[in-house]
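Undergrad: The structure's right below; bear with me while I get my questions together.
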Amino acid sequence: MKKVMLFVFLFSVSLCNAQKQDVQRAIEIFFEGFHQKDTVKMQSVCSSKIILQSISESAVKGNKLFDETAQELYKSIASIPSTMKLHEKILSYNIQIDGTMAHVWAPYEFFVNDKLSHTGVNTFTLFKEKDIWKIIYLADTRRK
């Protein structure tokens with residue numbers, strides 16, 4: 001009986017880790033697309049109903065919440081000049097999953113032409129649609 005319980009436990013842990021890897025991979029694909037300025041790649045892991053919000057934190061200007069549509073995001077990515085290099089470095093992933101919903105907390109550093117621009121945290125909510133994790137909500141904080 002102990003062997004059966006151990007097997008069930010190890011199988012559950014393995015399944016949970018596989019799910020977390022799939023969620024993390026969806027976010028990695030999103031950023032690969034971002035870094036390559038490939039909006040089609042980004043859209044492959046985003047819901048068509050994605051909600052995007054950013055929180056700008058500033059002691060001088062105060063804190064502000066901004067909404068952005070998916071089309072605005074994709075248009076801005078596609079219009080980045082080829083001479084400009086943007087890189088968002090994810091520092092860690094804290095992934096929580098409940099059935100077909102996942103939430104990810106991911107601190108980051110953002111670089112423009114290899115110079116640190118700002119830091120913050122991304123939060124992603126994903127929905128598992130037909131065995132594929134899709135980003136349905138993305139919010140981030142931004143501070144200098």
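The chains in the structure tokens are called A, B, ... from first to last as shown; in each chain the residues are counted from 1, and the ligands are counted from 1 in the order shown.
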Could you list, as a list in words, every residue within 10 Å of Leu65 in chain A, counting only C-alpha atoms and ignoring same-chain residues fewer than 3 positions away?
TA: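 Once the nearby chain positions are removed, what remains is Gln53, Ser54, Ile55, Ser56, Glu57, Ala139, Asp140 and Thr141 of chain A.
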Undergrad: Write down as a ChimeraX atom specification the residues of chain A whose backbone DSSP state falls under alpha helix (DSSP H).
TA: /A:2-36,39-43,70-78
Undergrad: Counting only C-alpha atoms, what is within 7 Å of range 92-106 of chain A, bar same-chain residues fewer than 2 positions away, as a PyMOL selection string?
TA: chain A and resi 20+90+108+121-128
Undergrad: Hey, which of A:Leu73, A:Ile132, A:Cys46, A:Val60 ends up closest to Gln19 in chain A? Count only C-alpha atoms.
TA: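 For Gln19 in chain A, the nearest of the candidates is A:Ile132.
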Undergrad: List every residue of range 23-133 of chain A that DSSP, applied to the backbone, labels as strand (DSSP E), and write the result as number ranges by chain.
TA: A: 46-56, 64-68, 86-90, 94-98, 101-112, 115-129, 132-133
Undergrad: Interatomic distance between CA of Lys49 in chain A and CA of Ser76 in chain A?
TA: 17.9 Å
Undergrad: Excluding range 31-42 of chain A and residues on its chain fewer than 2 positions from it, collect all residues at most 8 Å away from it, counting only C-alpha atoms, and give them as a PyMOL selection string.
TA: chain A and resi 27-29+44-46+74+77-78+80+85-88
Undergrad: Just how far from CA of Phe66 in chain A is CA of Leu52 in chain A, in Å to one decimal?
TA: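 That distance, rounded to one decimal, is 8.5 Å.
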Undergrad: Nearest to Ser117 in chain A: which of A:Lys134, A:Ile51, A:Gln43, A:Arg143 is it, counting only C-alpha atoms?
TA: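 Residue with the minimum atom-to-atom distance to Ser117 in chain A: A:Arg143.
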